[in-house]
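S.K.: Below are the structure tokens for one structure; questions will follow.
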Amino acid sequence: AQQSGAISAQDVPVVTRQTRAINTRHAAVAFGVLAAVGIILFILLPTADPVTQETRVDQPAQVDSMASTPPSTIQTPQETGPTPFAAVRLEHLQKEGESIARDILRLQLTLEDHGIFLWAHARYRQLAAELDSAEALYREGSYEAAMSAYTAIRVGLEELEDEMTARLAEAVASGDAALASGDHKVALTALTIANAIEGNNPDIKAKLSRAENLEEVLSLVRRAELAERENNLAVALDLFTSARDLDPAWQPAPDGVKRITSAIKTQRFNESMSAAF
């Protein structure tokens, strides 16, 4: 036990005045070295620019501000209008479209006043449908396509207008032939068209009146001829006379009046001669 205590006493360092002096001297040297290093670093290292620091500090704030800004308040680039050339070209197309539209309207009114629905109904309806399509193209902004369609429609209407003279002559010829043959249906149809195309023509109006009365005239003449065959001359004369009054140009009617009148005179003469004898 004494030996163990002796060993423990040897292991504990003995602090003397000399040892404390050495330690203090080492600490002072170390402190001096650290101070020198600090001074060197302070001199050599560049100082941070306060403006840069402030800017770097402010950047997150700006980002946060932009992030917190509602989308509606962010200004978007405004769309620029058409170029001067495009604007002038659009104005030109609009004026051209107005001119074509006036022509189309004039042609429509003219054709409708001349009975287009009676002699070219299908073609006119087709052009009207094409006009609706052209209007839709214009509203959609397809101005060039609309102009092409308008121009084609105007050409089609002009062709119909040019056809009116030929259609009039055709209708009158067909009506005359039907009146001569006693075909009252064809006569009425043809002369109605002719009157629609040229309504101020008195000759056409007279022919149309004949066509309107032709069916009745034919019926009266047939009845008169039957009465004549039955030797009922008075009845036959009345029927022929009524037919002639409706249509003097229907030749069987005035011929029948003349023939029956002569027959009645002959009959009366014979009766007088018989009475005299």
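Convention: chains lettered A, B, ... in structure tokens order; per-chain residue numbering from 1; ligands numbered from 1 as shown.
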Residues near stretch 193-198 of chain A, anyone? I mean within 7 Å using only C-alpha atoms, not counting same-chain ones fewer than 3 positions away, as a ChimeraX atom specification.
M.R.: /A:114-115,118-119,164,168,171-172,189-190,201,204-205
S.K.: If you keep N, CA and C atoms, can you produce a file of those selected residues as a PDB file, in the first residue's frame?
M.R.:
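Contents of result.pdb, as written:
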```pdb
ATOM      1  N   HIS A 114     -88.940  41.493-112.184  1.00  0.00           N
ATOM      2  CA  HIS A 114     -89.228  40.891-113.492  1.00  0.00           C
ATOM      3  C   HIS A 114     -89.487  39.383-113.381  1.00  0.00           C
ATOM      4  N   GLY A 115     -89.968  38.967-112.216  1.00  0.00           N
ATOM      5  CA  GLY A 115     -90.476  37.606-112.079  1.00  0.00           C
ATOM      6  C   GLY A 115     -89.438  36.513-112.117  1.00  0.00           C
ATOM      7  N   LEU A 118     -90.289  32.963-111.340  1.00  0.00           N
ATOM      8  CA  LEU A 118     -91.111  32.207-112.279  1.00  0.00           C
ATOM      9  C   LEU A 118     -90.284  31.530-113.366  1.00  0.00           C
ATOM     10  N   TRP A 119     -89.139  32.113-113.732  1.00  0.00           N
ATOM     11  CA  TRP A 119     -88.413  31.564-114.878  1.00  0.00           C
ATOM     12  C   TRP A 119     -86.977  31.139-114.576  1.00  0.00           C
ATOM     13  N   MET A 164     -83.043  37.884-119.732  1.00  0.00           N
ATOM     14  CA  MET A 164     -84.458  38.254-119.685  1.00  0.00           C
ATOM     15  C   MET A 164     -85.047  38.447-121.084  1.00  0.00           C
ATOM     16  N   LEU A 168     -88.112  36.277-122.460  1.00  0.00           N
ATOM     17  CA  LEU A 168     -89.366  36.928-122.835  1.00  0.00           C
ATOM     18  C   LEU A 168     -89.831  36.441-124.206  1.00  0.00           C
ATOM     19  N   ALA A 171     -91.104  32.892-123.971  1.00  0.00           N
ATOM     20  CA  ALA A 171     -92.399  32.769-123.308  1.00  0.00           C
ATOM     21  C   ALA A 171     -93.534  33.235-124.212  1.00  0.00           C
ATOM     22  N   VAL A 172     -93.319  34.321-124.953  1.00  0.00           N
ATOM     23  CA  VAL A 172     -94.359  34.815-125.852  1.00  0.00           C
ATOM     24  C   VAL A 172     -94.624  33.815-126.979  1.00  0.00           C
ATOM     25  N   THR A 189     -99.315  29.564-118.327  1.00  0.00           N
ATOM     26  CA  THR A 189     -97.982  29.571-117.704  1.00  0.00           C
ATOM     27  C   THR A 189     -97.011  30.461-118.475  1.00  0.00           C
ATOM     28  N   ALA A 190     -96.955  30.279-119.778  1.00  0.00           N
ATOM     29  CA  ALA A 190     -95.995  31.020-120.594  1.00  0.00           C
ATOM     30  C   ALA A 190     -96.288  32.513-120.580  1.00  0.00           C
ATOM     31  N   ASN A 201     -96.355  45.792-121.274  1.00  0.00           N
ATOM     32  CA  ASN A 201     -96.610  45.521-122.691  1.00  0.00           C
ATOM     33  C   ASN A 201     -98.098  45.190-122.862  1.00  0.00           C
ATOM     34  N   ILE A 204     -98.957  41.765-124.588  1.00  0.00           N
ATOM     35  CA  ILE A 204     -98.789  40.591-123.707  1.00  0.00           C
ATOM     36  C   ILE A 204     -99.951  40.508-122.728  1.00  0.00           C
ATOM     37  N   LYS A 205    -100.406  41.641-122.221  1.00  0.00           N
ATOM     38  CA  LYS A 205    -101.538  41.631-121.282  1.00  0.00           C
ATOM     39  C   LYS A 205    -102.803  41.100-121.963  1.00  0.00           C
TER      40      LYS A 205
END
```
S.K.: Pick from A:Ser133, A:Thr110, A:Asn200, A:Asn213: nearest to A:Ala187, with only C-alpha atoms counted?
M.R.: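 For A:Ala187, the nearest of the given residues is A:Asn213.
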S.K.: Just the residues within 12 Å of A:Glu98, please, counting only C-alpha atoms, with nothing from its chain fewer than 3 positions along; format it as number ranges by chain.
M.R.: A: 91-95, 101-105, 135, 138, 146-147, 150-151
S.K.: Run DSSP on the backbone of this structure and report the residues of stretch 68-244 of chain A it assigns to alpha helix (DSSP H), as a PyMOL selection string.
M.R.: chain A and resi 68+84-113+116-119+121-139+143-181+184-197+202-229+233-244
S.K.: Give me, as a count of residues only, all polymer residues having an atom no more than 12 Å from stretch 239-247 of chain A, counting only C-alpha atoms and skipping those fewer than 2 positions away in the same chain.
M.R.: 44
S.K.: Using only C-alpha atoms, pick whichever of A:Arg229, A:Glu271, A:Leu111, A:Leu127 has the shortest atom-to-atom distance to A:Val155.
M.R.: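 Looking only at the distances to A:Val155, the closest residue turns out to be A:Leu127.
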